[in-house]
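J.: So that you have it, the file is model_6.cif, and it contains mmCIF, C-alpha atoms:
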```
data_target
#
loop_
_atom_site.label_atom_id
_atom_site.label_comp_id
_atom_site.auth_asym_id
_atom_site.auth_seq_id
_atom_site.Cartn_x
_atom_site.Cartn_y
_atom_site.Cartn_z
CA MET A 294 -45.46 101.23 -139.92
CA GLN A 295 -46.15 98.29 -137.59
CA ARG A 296 -43.17 97.79 -135.32
CA VAL A 297 -42.13 96.41 -131.96
CA MET A 298 -38.96 96.28 -129.89
CA ILE A 299 -38.12 93.12 -127.96
CA ALA A 300 -35.87 94.43 -125.19
CA GLY A 301 -34.57 92.80 -122.04
CA THR A 302 -34.03 93.40 -118.38
CA GLY A 303 -30.34 92.58 -118.84
CA SER A 304 -27.82 90.64 -120.89
CA GLY A 305 -28.54 86.91 -120.84
CA CYS A 306 -32.27 87.27 -120.13
CA GLY A 307 -33.16 85.44 -123.34
CA LYS A 308 -34.19 88.33 -125.59
CA THR A 309 -32.42 86.87 -128.66
CA THR A 310 -34.13 83.53 -128.15
CA VAL A 311 -37.51 85.25 -127.76
CA THR A 312 -36.86 87.46 -130.79
CA CYS A 313 -35.91 84.44 -132.93
CA ALA A 314 -38.97 82.57 -131.67
CA ILE A 315 -41.25 85.46 -132.64
CA LEU A 316 -39.61 85.87 -136.07
CA SER A 317 -39.97 82.14 -136.71
CA ALA A 318 -43.62 82.21 -135.67
CA LEU A 319 -44.25 85.15 -138.01
CA ALA A 320 -42.58 83.21 -140.84
CA HIS A 321 -44.80 80.19 -140.09
CA LYS A 322 -47.82 82.47 -140.45
CA ASN A 323 -46.50 83.95 -143.73
CA ILE A 324 -46.29 87.38 -142.12
CA LYS A 325 -43.52 89.34 -143.79
CA ALA A 326 -41.16 90.69 -141.14
CA SER A 327 -38.00 92.75 -141.15
CA ALA A 328 -35.54 92.48 -138.27
CA PHE A 329 -33.09 94.87 -136.64
CA LYS A 330 -30.58 94.76 -133.79
CA CYS A 331 -29.83 97.68 -131.49
CA GLY A 332 -26.14 98.38 -131.06
CA PRO A 333 -23.07 97.10 -132.93
CA ASP A 334 -23.75 93.35 -132.60
CA TYR A 335 -22.84 91.32 -135.71
CA ILE A 336 -24.07 87.89 -134.65
CA ASP A 337 -27.75 88.29 -133.79
CA PRO A 338 -28.62 89.59 -137.29
CA MET A 339 -27.12 86.37 -138.70
CA PHE A 340 -29.85 84.45 -136.86
CA TYR A 341 -32.56 86.77 -138.15
CA ARG A 342 -31.26 86.26 -141.69
CA GLU A 343 -31.30 82.50 -141.19
CA ILE A 344 -34.98 82.67 -140.23
CA LEU A 345 -36.24 85.35 -142.63
CA HIS A 346 -33.86 84.72 -145.57
CA THR A 347 -33.44 88.46 -146.02
CA PRO A 348 -30.72 90.87 -144.84
CA SER A 349 -31.08 92.29 -141.34
CA ARG A 350 -29.64 95.55 -140.11
CA ASN A 351 -28.35 97.32 -137.02
CA LEU A 352 -29.83 100.43 -135.40
CA ASP A 353 -27.14 102.17 -133.39
CA SER A 354 -27.83 105.56 -131.82
CA PHE A 355 -24.18 105.98 -130.75
CA PHE A 356 -22.99 105.74 -134.34
CA CYS A 357 -25.91 107.46 -136.04
CA GLY A 358 -27.73 110.71 -135.59
CA ARG A 359 -31.51 110.74 -135.49
CA ASP A 360 -32.04 111.24 -139.24
CA MET A 361 -29.63 108.52 -140.37
CA LEU A 362 -31.02 106.03 -137.85
CA LEU A 363 -34.59 106.67 -139.01
CA GLU A 364 -33.52 106.39 -142.65
CA LEU A 365 -31.83 103.03 -142.02
CA PHE A 366 -34.93 101.80 -140.20
CA ASP A 367 -37.30 103.04 -142.89
CA GLU A 368 -35.26 101.51 -145.73
CA GLY A 369 -34.93 98.19 -143.94
CA SER A 370 -38.67 98.03 -143.26
CA LYS A 371 -39.84 98.38 -146.86
CA ASP A 372 -42.68 96.02 -147.81
CA SER A 373 -42.78 94.45 -144.32
CA ASP A 374 -45.93 93.69 -142.38
CA ILE A 375 -44.03 94.27 -139.14
CA SER A 376 -40.53 95.38 -138.13
CA VAL A 377 -39.02 93.65 -135.10
CA ILE A 378 -36.15 95.35 -133.27
CA GLU A 379 -34.10 93.45 -130.69
CA GLY A 380 -32.64 95.55 -127.89
CA VAL A 381 -29.11 95.50 -126.54
CA MET A 382 -28.03 94.56 -122.99
CA GLY A 383 -30.64 95.78 -120.50
CA PHE A 384 -33.25 98.19 -121.84
CA TYR A 385 -31.72 101.26 -120.20
CA ASP A 386 -28.06 100.20 -120.54
CA GLY A 387 -25.64 101.71 -123.04
CA ASP A 388 -26.18 105.44 -122.45
CA GLU A 389 -26.31 107.12 -125.87
CA GLY A 390 -26.57 103.73 -127.62
CA SER A 391 -29.24 102.16 -125.40
CA ALA A 392 -32.34 100.31 -126.57
CA TYR A 393 -34.35 102.90 -124.65
CA ARG A 394 -32.80 105.63 -126.81
CA VAL A 395 -33.60 103.77 -130.05
CA SER A 396 -37.19 103.18 -128.92
CA GLU A 397 -37.59 106.92 -128.31
CA ILE A 398 -36.10 107.96 -131.67
CA THR A 399 -38.20 105.47 -133.64
CA GLU A 400 -41.27 105.85 -131.37
CA THR A 401 -41.52 102.07 -131.10
CA PRO A 402 -43.55 100.20 -128.45
CA VAL A 403 -41.39 97.93 -126.29
CA ILE A 404 -42.00 94.45 -124.93
CA LEU A 405 -39.57 93.52 -122.17
CA VAL A 406 -38.26 89.98 -121.81
CA LEU A 407 -37.93 89.07 -118.14
CA ASN A 408 -36.02 85.92 -117.14
CA CYS A 409 -38.10 84.34 -114.38
CA ARG A 410 -35.73 81.52 -113.51
CA GLY A 411 -35.48 81.23 -109.72
CA MET A 412 -38.05 83.97 -109.02
CA LYS A 413 -41.68 84.44 -108.14
CA GLU A 414 -42.56 87.55 -106.08
CA SER A 415 -39.36 89.21 -107.27
CA ILE A 416 -40.76 89.14 -110.81
CA GLY A 417 -43.10 91.94 -109.74
CA ALA A 418 -40.27 93.98 -108.25
CA VAL A 419 -38.33 93.82 -111.52
CA MET A 420 -41.41 94.75 -113.54
CA GLN A 421 -42.24 97.72 -111.34
CA GLY A 422 -38.64 98.92 -111.40
CA PHE A 423 -38.42 98.97 -115.19
CA LEU A 424 -41.83 100.57 -115.61
CA LYS A 425 -41.00 103.42 -113.21
CA TYR A 426 -37.22 103.89 -113.58
CA ILE A 427 -37.55 106.44 -116.39
CA THR A 428 -40.93 107.92 -117.25
CA PRO A 429 -42.39 108.31 -119.72
CA ASN A 430 -41.18 105.25 -121.58
CA ARG A 431 -42.61 103.07 -124.34
CA ILE A 432 -42.84 99.79 -122.40
CA ALA A 433 -46.09 98.19 -123.57
CA GLY A 434 -45.77 94.97 -121.62
CA PHE A 435 -43.79 91.81 -120.86
CA ILE A 436 -42.88 88.36 -122.12
CA PHE A 437 -41.89 86.04 -119.29
CA ASN A 438 -38.96 83.77 -120.17
CA ASN A 439 -38.34 80.49 -118.33
CA LEU A 440 -41.69 80.80 -116.59
CA PRO A 441 -43.33 77.60 -115.33
CA GLU A 442 -46.78 77.31 -116.87
CA ARG A 443 -48.36 77.07 -113.43
CA LEU A 444 -47.23 80.69 -112.79
CA VAL A 445 -48.92 82.14 -115.89
CA PRO A 446 -51.99 83.31 -113.89
CA PHE A 447 -49.61 85.01 -111.44
CA ALA A 448 -47.77 86.78 -114.29
CA LYS A 449 -51.07 87.97 -115.74
CA GLU A 450 -52.15 89.25 -112.31
CA LEU A 451 -48.88 91.21 -112.03
CA CYS A 452 -49.51 92.80 -115.42
CA ASP A 453 -52.98 93.85 -114.31
CA ARG A 454 -51.58 95.22 -111.05
CA PHE A 455 -48.99 97.39 -112.83
CA HIS A 456 -51.34 98.45 -115.65
CA THR A 457 -49.23 96.88 -118.36
CA GLU A 458 -49.85 94.13 -120.90
CA TYR A 459 -49.17 90.39 -120.84
CA PHE A 460 -47.72 89.18 -124.18
CA GLY A 461 -47.04 85.58 -123.24
CA PHE A 462 -44.20 83.43 -121.98
CA LEU A 463 -41.67 80.80 -122.94
CA PRO A 464 -41.26 77.76 -120.72
CA ALA A 465 -37.85 76.26 -120.06
CA HIS A 466 -36.85 74.32 -123.19
CA LYS A 467 -33.95 72.53 -124.85
CA TYR A 468 -33.55 74.73 -127.93
CA ILE A 469 -30.60 76.70 -126.58
CA LEU A 470 -28.61 79.04 -128.82
CA GLU A 471 -25.02 78.45 -127.71
CA SER A 472 -22.84 81.29 -126.45
CA ARG A 473 -19.24 82.34 -126.98
CA HIS A 474 -17.61 85.13 -124.94
CA LEU A 475 -20.33 87.77 -124.44
CA GLY A 476 -22.49 86.70 -127.38
CA LEU A 477 -23.83 83.76 -129.33
CA VAL A 478 -21.84 81.53 -131.63
CA THR A 479 -22.61 82.33 -135.26
CA ALA A 480 -25.62 80.78 -136.94
CA SER A 481 -23.43 78.97 -139.48
CA GLU A 482 -21.67 77.10 -136.66
CA ILE A 483 -24.90 75.47 -135.39
CA GLU A 484 -25.60 72.43 -137.54
CA ASP A 485 -29.25 72.15 -136.55
CA ILE A 486 -29.97 75.90 -136.52
CA GLY A 487 -32.98 75.49 -138.81
CA GLU A 488 -34.52 72.84 -136.57
CA LYS A 489 -33.91 74.92 -133.45
CA THR A 490 -35.42 78.13 -134.80
CA ASP A 491 -38.36 76.20 -136.23
CA ALA A 492 -38.99 74.61 -132.83
CA LEU A 493 -38.71 78.01 -131.14
CA GLY A 494 -41.29 79.34 -133.59
CA LYS A 495 -43.71 76.58 -132.64
CA LEU A 496 -43.20 77.39 -128.95
CA ALA A 497 -43.94 81.04 -129.69
CA GLU A 498 -47.11 80.14 -131.59
CA GLU A 499 -48.25 78.18 -128.55
CA HIS A 500 -47.25 80.51 -125.74
CA ILE A 501 -46.65 84.05 -127.12
CA LEU A 502 -49.54 86.26 -128.21
CA ILE A 503 -48.44 86.92 -131.77
CA GLU A 504 -51.73 88.50 -132.85
CA LYS A 505 -51.62 90.85 -129.88
CA ILE A 506 -48.10 91.91 -130.91
CA MET A 507 -49.31 92.50 -134.46
CA GLY A 508 -52.11 94.65 -133.07
CA LEU A 509 -49.90 96.99 -131.04
CA LYS A 510 -50.79 100.63 -131.71
CA CYS A 511 -48.04 102.37 -133.67
CA ASP A 512 -47.94 105.92 -134.99
CA LEU A 513 -46.37 106.82 -138.32
CA LEU A 514 -42.58 106.73 -138.31
CA PRO A 515 -41.27 110.20 -137.38
CA ALA A 516 -40.25 112.43 -140.28
CA TYR A 517 -36.53 112.67 -141.07
CA ARG A 518 -34.14 114.27 -143.53
CA LYS A 519 -32.83 111.75 -146.06
CA TYR A 520 -29.09 111.69 -146.74
CA GLU A 521 -28.20 112.62 -150.31
CA PHE A 522 -25.51 110.27 -151.62
CA THR A 523 -23.18 111.44 -154.39
CA SER A 524 -21.75 108.64 -156.50
CA CYS A 525 -17.96 108.78 -156.32
CA GLY A 526 -17.10 105.16 -157.06
CA ARG A 527 -17.42 105.35 -160.85
CA GLY A 528 -17.68 101.59 -161.10
CA ALA A 529 -14.98 100.76 -158.53
CA VAL A 530 -14.97 97.07 -157.59
CA ILE A 531 -14.52 96.29 -153.91
CA ALA A 532 -13.53 92.76 -152.87
CA VAL A 533 -15.09 91.94 -149.47
CA SER A 534 -14.22 88.89 -147.39
CA ARG A 535 -17.20 86.79 -146.34
CA ASP A 536 -17.05 83.23 -145.03
CA ARG A 537 -17.00 81.35 -141.71
CA ALA A 538 -13.73 83.00 -140.64
CA PHE A 539 -14.67 86.52 -141.75
CA CYS A 540 -18.35 87.04 -141.05
CA PHE A 541 -18.57 90.28 -139.03
CA LEU A 542 -19.93 92.50 -141.73
CA TYR A 543 -22.59 95.19 -141.54
CA GLU A 544 -25.19 95.04 -144.29
CA GLU A 545 -25.37 98.82 -144.05
CA ASN A 546 -21.67 99.16 -144.94
CA ILE A 547 -22.27 97.18 -148.13
CA GLU A 548 -25.30 99.32 -148.95
CA VAL A 549 -23.25 102.51 -148.52
CA LEU A 550 -20.60 101.21 -150.93
CA LYS A 551 -23.28 100.43 -153.50
CA LYS A 552 -24.91 103.85 -153.08
CA LEU A 553 -21.51 105.41 -153.75
CA GLY A 554 -21.38 103.59 -157.09
CA CYS A 555 -19.28 100.54 -156.21
CA THR A 556 -19.67 96.94 -157.25
CA VAL A 557 -19.10 94.53 -154.36
CA ARG A 558 -17.52 91.12 -154.94
CA PHE A 559 -17.56 88.73 -152.02
CA PHE A 560 -14.77 86.18 -151.69
CA SER A 561 -13.58 83.58 -149.20
CA PRO A 562 -10.02 83.70 -147.81
CA LEU A 563 -10.76 80.17 -146.57
CA GLU A 564 -12.00 78.51 -149.75
CA ASP A 565 -11.04 80.62 -152.79
CA GLU A 566 -7.60 80.17 -154.32
CA HIS A 567 -7.19 83.75 -155.49
CA LEU A 568 -8.33 87.28 -154.70
CA PRO A 569 -10.90 88.41 -157.29
CA GLU A 570 -10.04 91.28 -159.59
CA ALA A 571 -10.80 94.44 -157.66
CA ASP A 572 -9.86 98.07 -157.06
CA GLY A 573 -10.14 97.89 -153.28
CA LEU A 574 -10.27 95.35 -150.47
CA ILE A 575 -12.17 94.97 -147.20
CA LEU A 576 -11.08 92.29 -144.74
CA CYS A 577 -13.80 92.24 -142.11
CA GLY A 578 -13.76 90.77 -138.64
CA GLY A 579 -14.75 87.33 -137.49
CA TYR A 580 -13.02 84.33 -135.98
CA PRO A 581 -9.83 83.71 -138.02
CA GLU A 582 -8.28 82.05 -134.96
CA LEU A 583 -10.73 79.15 -135.32
CA TYR A 584 -9.54 78.51 -138.89
CA ALA A 585 -5.94 79.70 -138.65
CA GLU A 586 -4.28 76.57 -140.03
CA LYS A 587 -6.65 76.36 -142.99
CA LEU A 588 -6.10 80.05 -143.71
CA ALA A 589 -2.34 79.49 -143.54
CA ASP A 590 -2.56 76.51 -145.91
CA ASN A 591 -4.25 78.71 -148.53
CA ARG A 592 -0.92 80.22 -149.64
CA THR A 593 -2.15 81.48 -152.99
CA MET A 594 -4.76 83.65 -151.28
CA LEU A 595 -2.29 84.90 -148.67
CA ASP A 596 0.18 85.77 -151.42
CA ASP A 597 -2.48 87.57 -153.46
CA ILE A 598 -3.61 89.67 -150.51
CA ARG A 599 -0.07 90.48 -149.35
CA ASN A 600 0.98 91.52 -152.85
CA ALA A 601 -2.19 93.56 -153.41
CA VAL A 602 -1.82 95.48 -150.14
CA LEU A 603 1.93 96.05 -150.49
CA SER A 604 1.46 97.24 -154.08
CA GLY A 605 -1.00 99.90 -152.92
CA MET A 606 -4.49 98.45 -153.29
CA PRO A 607 -6.66 100.41 -150.82
CA VAL A 608 -7.57 98.13 -147.91
CA ILE A 609 -9.68 98.31 -144.77
CA ALA A 610 -8.80 95.46 -142.38
CA GLU A 611 -10.79 95.32 -139.14
CA CYS A 612 -10.14 93.13 -136.10
CA GLY A 613 -10.05 89.59 -137.58
CA GLY A 614 -8.99 91.06 -140.92
CA PHE A 615 -6.24 92.98 -139.11
CA MET A 616 -5.12 89.75 -137.46
CA TYR A 617 -4.96 88.08 -140.89
CA LEU A 618 -2.49 90.71 -142.13
CA HIS A 619 0.09 89.84 -139.44
CA GLU A 620 3.17 87.71 -139.93
CA TYR A 621 2.06 85.07 -137.44
CA LEU A 622 -0.76 83.92 -135.20
CA LEU A 623 0.60 82.47 -131.96
CA THR A 624 -1.44 79.51 -130.66
CA ASP A 625 -1.87 78.69 -126.99
CA ASP A 626 0.70 75.90 -127.26
CA GLY A 627 3.30 78.26 -128.73
CA LYS A 628 2.95 77.32 -132.39
CA LYS A 629 3.45 80.12 -134.91
CA ILE A 630 1.01 79.96 -137.80
CA PRO A 631 2.16 82.08 -140.77
CA LEU A 632 -0.29 84.59 -142.23
CA ALA A 633 -0.13 87.43 -144.77
CA GLY A 634 2.93 89.20 -143.36
CA VAL A 635 1.86 92.78 -144.10
CA ILE A 636 1.92 93.82 -140.42
CA LYS A 637 5.25 92.88 -138.86
CA GLY A 638 4.58 91.00 -135.66
CA GLU A 639 2.20 88.42 -134.28
CA VAL A 640 -1.22 88.17 -132.68
CA PHE A 641 -1.84 86.20 -129.51
CA SER A 642 -4.75 85.32 -127.22
CA GLU A 643 -5.18 87.29 -124.00
CA LYS A 644 -7.70 84.81 -122.48
CA ARG A 645 -9.85 87.76 -121.45
CA LEU A 646 -11.73 90.57 -123.11
CA LYS A 647 -9.03 93.03 -124.16
CA ARG A 648 -11.19 95.87 -125.40
CA PHE A 649 -14.96 96.21 -125.36
CA GLY A 650 -17.36 98.95 -126.35
CA TYR A 651 -17.70 102.23 -128.15
CA ILE A 652 -14.75 104.51 -128.83
CA THR A 653 -14.07 107.80 -130.59
CA MET A 654 -10.81 107.77 -132.55
CA LYS A 655 -8.77 110.92 -133.28
CA ALA A 656 -6.47 110.72 -136.29
CA HIS A 657 -2.84 111.78 -135.96
CA SER A 658 -2.19 112.12 -139.70
CA ASP A 659 -3.71 112.09 -143.16
CA SER A 660 -4.73 108.57 -144.21
CA LEU A 661 -6.99 106.42 -146.35
CA ILE A 662 -10.06 107.18 -144.22
CA THR A 663 -9.43 110.49 -142.42
CA THR A 664 -7.76 113.87 -142.41
CA PRO A 665 -5.40 114.88 -139.55
CA GLY A 666 -7.29 115.62 -136.35
CA ALA A 667 -10.53 114.09 -137.60
CA GLU A 668 -12.63 112.13 -135.11
CA ILE A 669 -14.58 109.03 -136.07
CA LYS A 670 -16.68 106.65 -134.03
CA ALA A 671 -15.87 102.93 -133.82
CA HIS A 672 -16.15 99.96 -131.50
CA GLU A 673 -13.88 97.19 -130.28
CA PHE A 674 -14.54 93.66 -129.04
CA HIS A 675 -11.62 91.23 -129.01
CA TYR A 676 -9.81 88.69 -126.90
CA TRP A 677 -6.68 88.90 -129.05
CA GLU A 678 -3.80 91.35 -129.02
CA SER A 679 -0.99 92.31 -131.38
CA THR A 680 2.67 92.89 -130.71
CA ASP A 681 2.16 95.99 -132.88
CA PRO A 682 -1.42 97.33 -132.55
CA GLY A 683 -0.45 100.59 -134.25
CA SER A 684 -0.48 104.24 -133.21
CA SER A 685 -2.22 106.19 -135.98
CA PHE A 686 -5.23 107.05 -133.80
CA THR A 687 -5.92 107.78 -130.17
CA ALA A 688 -8.99 105.82 -129.09
CA VAL A 689 -11.06 107.32 -126.27
CA LYS A 690 -13.88 105.57 -124.44
CA PRO A 691 -16.88 107.50 -123.10
CA ASP A 692 -15.41 107.21 -119.57
CA GLY A 693 -12.18 108.91 -120.69
CA ARG A 694 -9.86 105.89 -120.89
CA SER A 695 -7.63 106.03 -123.96
CA TRP A 696 -4.98 104.16 -125.91
CA GLU A 697 -3.15 104.25 -129.24
CA CYS A 698 -4.31 102.03 -132.08
CA CYS A 699 -4.35 101.23 -135.80
CA HIS A 700 -1.97 101.32 -138.73
CA THR A 701 -2.79 103.77 -141.49
CA THR A 702 -1.20 104.94 -144.73
CA ALA A 703 -2.61 106.63 -147.81
CA THR A 704 -3.92 103.22 -148.90
CA MET A 705 -4.46 101.26 -145.67
CA TYR A 706 -6.54 101.21 -142.51
CA ALA A 707 -5.73 98.20 -140.33
CA GLY A 708 -6.62 97.80 -136.66
CA PHE A 709 -8.86 96.18 -134.09
CA PRO A 710 -11.59 98.88 -134.14
CA HIS A 711 -14.63 98.21 -136.35
CA LEU A 712 -15.98 100.98 -138.59
CA TYR A 713 -19.62 101.73 -139.37
CA PHE A 714 -19.97 103.68 -142.61
CA PRO A 715 -23.42 105.26 -141.92
CA SER A 716 -21.86 106.95 -138.89
CA ASP A 717 -19.63 109.06 -141.16
CA ILE A 718 -20.15 108.66 -144.90
CA SER A 719 -16.94 110.63 -145.57
CA VAL A 720 -14.92 107.65 -144.32
CA ALA A 721 -16.46 105.44 -147.01
CA GLU A 722 -16.14 108.21 -149.61
CA ARG A 723 -12.40 108.61 -148.99
CA PHE A 724 -11.91 104.86 -149.26
CA VAL A 725 -13.94 104.63 -152.49
CA LYS A 726 -12.18 107.60 -154.11
CA ALA A 727 -8.82 105.96 -153.38
CA CYS A 728 -10.07 102.85 -155.20
CA LYS A 729 -10.78 104.65 -158.50
#
```
Represent the structure of the file as structure tokens.
T.:
Amino acid sequence: MQRVMIAGTGSGCGKTTVTCAILSALAHKNIKASAFKCGPDYIDPMFYREILHTPSRNLDSFFCGRDMLLELFDEGSKDSDISVIEGVMGFYDGDEGSAYRVSEITETPVILVLNCRGMKESIGAVMQGFLKYITPNRIAGFIFNNLPERLVPFAKELCDRFHTEYFGFLPAHKYILESRHLGLVTASEIEDIGEKTDALGKLAEEHILIEKIMGLKCDLLPAYRKYEFTSCGRGAVIAVSRDRAFCFLYEENIEVLKKLGCTVRFFSPLEDEHLPEADGLILCGGYPELYAEKLADNRTMLDDIRNAVLSGMPVIAECGGFMYLHEYLLTDDGKKIPLAGVIKGEVFSEKRLKRFGYITMKAHSDSLITTPGAEIKAHEFHYWESTDPGSSFTAVKPDGRSWECCHTTATMYAGFPHLYFPSDISVAERFVKACK
């Protein structure tokens, strides 16, 4: 299987831009590519999907054991000429969930993106540091971002000096992918996204050595034990929110539901008047705060969802979906925008990152998704808080910090933490069985 990881020296080095440029160049050449993102990021795969017009997936070694991660990678790479994995943060950052860890599990050669803005001789120091920090590693070479063309011979000389490969560069350009908080804005929010990614592809064709990337030596994907799914859905229909307000959705979660025998029906809390007929409901995360007034104006949808949840329809509501279930969203100017009213209380902006990163959650009682004392992995990333965040789980970060979170009943999971079904299929199975 031909594969490559585009990793970075740190967050903000331009690895998403370089990855999108390479994917666009591959599309221009009619080379069939599949794309993956290390870690729990929702947004970058939206850009890959915009370019490739096929679903993209995450590879997360915190959530998944070796076998499940390899299975997800293998399934997502079917019929591709090359699989492109984008790293997360800096190559070695993230401990158990690092890009370095994913490259080792999948035995994938790595090209590091190095942001050269404001540097010359220091470029070599960064290169040498990454090449020698942990050995052995799978770093095959470098792409130099924001490198003036006059310094290309210097970059090539550095690669020769450190016995690594030169895979090209990107000059400074105007095709910037805008950021929000610690990540990009979503692809659907950029009106000229097609033009930008097309232009990035042309830059890559001119300055990045695509054929050299295609020629990287790759061994067969390591052997793994395939997970045996048992259908327990018996035709259960799951309504899943998907629109501009609710767009943080893992493709893998949908695939797990389908493998368990479910039919998935997507709907828009923004645009649709009514909830579709369904046996269960997933309200995923996103940016409901950007569309709060329009969500509030859609009273028929709010009423349908409130009545469905209060009447016992099994529901998973994560982060933005959890916010949607509250009585009110409090705006910065003090206005209360009415929402579904299932969770008594209001959500409000903290103006800073409230929670960020991986957590392990321990359940205090029996619920829709767990048994008492069970531990499941999740992650949080939000600038909003609730007057009643819940206390059904204790969330613990890898550094030991902890807090109480989430509302659960026999038919509901609602909280800021995001769930990843491939991490623990039993969570999805319990949800699906409750939907029968």
J.: Applying 9 Å and all atoms listed in the file, which residues near range 303-318 of chain A remain after dropping the ones on its own chain fewer than 5 positions away? List them as a VMD selection string.
T.: chain A and resid 323 to 324 326 to 328 337 340 to 341 344 to 345 377 to 386 405 to 409 436 438 to 439 463 468 to 470 475 to 476 490 to 498 501 503
J.: Quick one: distance from CA of Glu678 in chain A to CA of Arg350 in chain A in Å, one decimal?
T.: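 CA of Arg350 in chain A lies 28.4 Å from CA of Glu678 in chain A.
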J.: Give me the result of the PyMOL selection byres ((chain A and resi 655) around 12) on this file, residue by residue, as a ChimeraX atom specification.
T.: /A:652-654,656-660,662-671,684-690,695-699
J.: Which residues match the PyMOL selection byres ((chain A and resi 366) around 9) in the file above, as a short mmCIF file (atom, residue, chain, number, x, y, z; two decimals) with C-alpha atoms, in the coordinates of the input?
T.:
```
data_model
loop_
_atom_site.label_atom_id
_atom_site.label_comp_id
_atom_site.auth_asym_id
_atom_site.auth_seq_id
_atom_site.Cartn_x
_atom_site.Cartn_y
_atom_site.Cartn_z
CA PHE A 329 -33.09 94.87 -136.64
CA ARG A 350 -29.64 95.55 -140.11
CA ASN A 351 -28.35 97.32 -137.02
CA LEU A 352 -29.83 100.43 -135.40
CA MET A 361 -29.63 108.52 -140.37
CA LEU A 362 -31.02 106.03 -137.85
CA LEU A 363 -34.59 106.67 -139.01
CA GLU A 364 -33.52 106.39 -142.65
CA LEU A 365 -31.83 103.03 -142.02
CA ASP A 367 -37.30 103.04 -142.89
CA GLU A 368 -35.26 101.51 -145.73
CA GLY A 369 -34.93 98.19 -143.94
CA SER A 370 -38.67 98.03 -143.26
CA LYS A 371 -39.84 98.38 -146.86
CA SER A 376 -40.53 95.38 -138.13
CA THR A 399 -38.20 105.47 -133.64
#
```
J.: Just the number, please: distance in Å from CA of Ser354 in chain A to CA of Ser391 in chain A, one decimal.
T.: 7.4 Å
J.: CA of Phe674 in chain A and CA of Ile531 in chain A, how far apart in Å?
T.: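 Rounded to one decimal, the two atoms are 25.0 Å apart.
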J.: Write out as a ChimeraX atom specification which residues come within 7 Å of range 415-426 of chain A when counting all atoms listed in the file, dropping same-chain ones fewer than 6 positions away.
T.: /A:409,432,451,455
J.: Identify which of the residues A:Ala300, A:Pro607, A:Pro446, A:Tyr651 lies closest to Asp388 in chain A, counting all atoms listed in the file when measuring atom-to-atom distances.
T.: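 Checking each candidate against Asp388 in chain A, we get A:Tyr651 as the closest.
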J.: Using the chain letters and numbers from the file, which residues does the PyMOL selection byres ((chain A and resi 514-517) around 6) grab, as a ChimeraX atom specification?
T.: /A:360,513,518
J.: I need the chosen residues saved as a compact mmCIF listing (two decimals), in the frame of the given file, with C-alpha atoms.
T.:
```
# COMPACT_ATOMS: atom_id res chain seq x y z
CA ASP A 360 -32.04 111.24 -139.24
CA LEU A 513 -46.37 106.82 -138.32
CA ARG A 518 -34.14 114.27 -143.53
```
J.: Between A:Phe615, A:Phe649, A:Tyr580, A:Phe541, which one has atoms that come closest to Val635 in chain A, using all atoms listed in the file?
T.: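 Looking at the shortest contact to Val635 in chain A, the residue is A:Phe615.
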J.: Pick the closest to Leu595 in chain A from A:Glu620, A:Ala571, A:Leu632, A:Ile547: which is it, counting only C-alpha atoms?
T.: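 Nearest candidate to Leu595 in chain A out of A:Glu620, A:Ala571, A:Leu632, A:Ile547: A:Leu632.
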J.: Pick out the residues sitting within 7 Å of Asp572 in chain A, and hand them over as a PyMOL selection string; count only C-alpha atoms, and ignore anything fewer than 4 positions along from it in its own chain.
T.: chain A and resi 529-531+606+728-729
J.: Keeping just N, CA, C and O atoms, export range 587-592 of chain A of this structure as an mmCIF file, in the first residue's frame.
T.:
```cif
data_model
loop_
_atom_site.group_PDB
_atom_site.id
_atom_site.type_symbol
_atom_site.label_atom_id
_atom_site.label_comp_id
_atom_site.auth_asym_id
_atom_site.auth_seq_id
_atom_site.Cartn_x
_atom_site.Cartn_y
_atom_site.Cartn_z
ATOM 1 N N LYS A 587 -31.217 31.450 14.230
ATOM 2 C CA LYS A 587 -31.923 30.670 13.212
ATOM 3 C C LYS A 587 -32.380 29.331 13.787
ATOM 4 O O LYS A 587 -33.482 28.859 13.482
ATOM 5 N N LEU A 588 -31.565 28.732 14.638
ATOM 6 C CA LEU A 588 -31.973 27.496 15.298
ATOM 7 C C LEU A 588 -33.194 27.739 16.182
ATOM 8 O O LEU A 588 -34.129 26.934 16.220
ATOM 9 N N ALA A 589 -33.179 28.871 16.895
ATOM 10 C CA ALA A 589 -34.295 29.208 17.782
ATOM 11 C C ALA A 589 -35.571 29.484 16.998
ATOM 12 O O ALA A 589 -36.680 29.193 17.474
ATOM 13 N N ASP A 590 -35.431 30.063 15.812
ATOM 14 C CA ASP A 590 -36.614 30.373 14.993
ATOM 15 C C ASP A 590 -37.271 29.106 14.441
ATOM 16 O O ASP A 590 -38.453 29.128 14.091
ATOM 17 N N ASN A 591 -36.497 28.011 14.363
ATOM 18 C CA ASN A 591 -37.047 26.760 13.828
ATOM 19 C C ASN A 591 -37.757 26.005 14.963
ATOM 20 O O ASN A 591 -37.316 24.954 15.422
ATOM 21 N N ARG A 592 -38.904 26.555 15.401
ATOM 22 C CA ARG A 592 -39.599 26.023 16.579
ATOM 23 C C ARG A 592 -40.130 24.613 16.361
ATOM 24 O O ARG A 592 -40.184 23.807 17.290
#
```
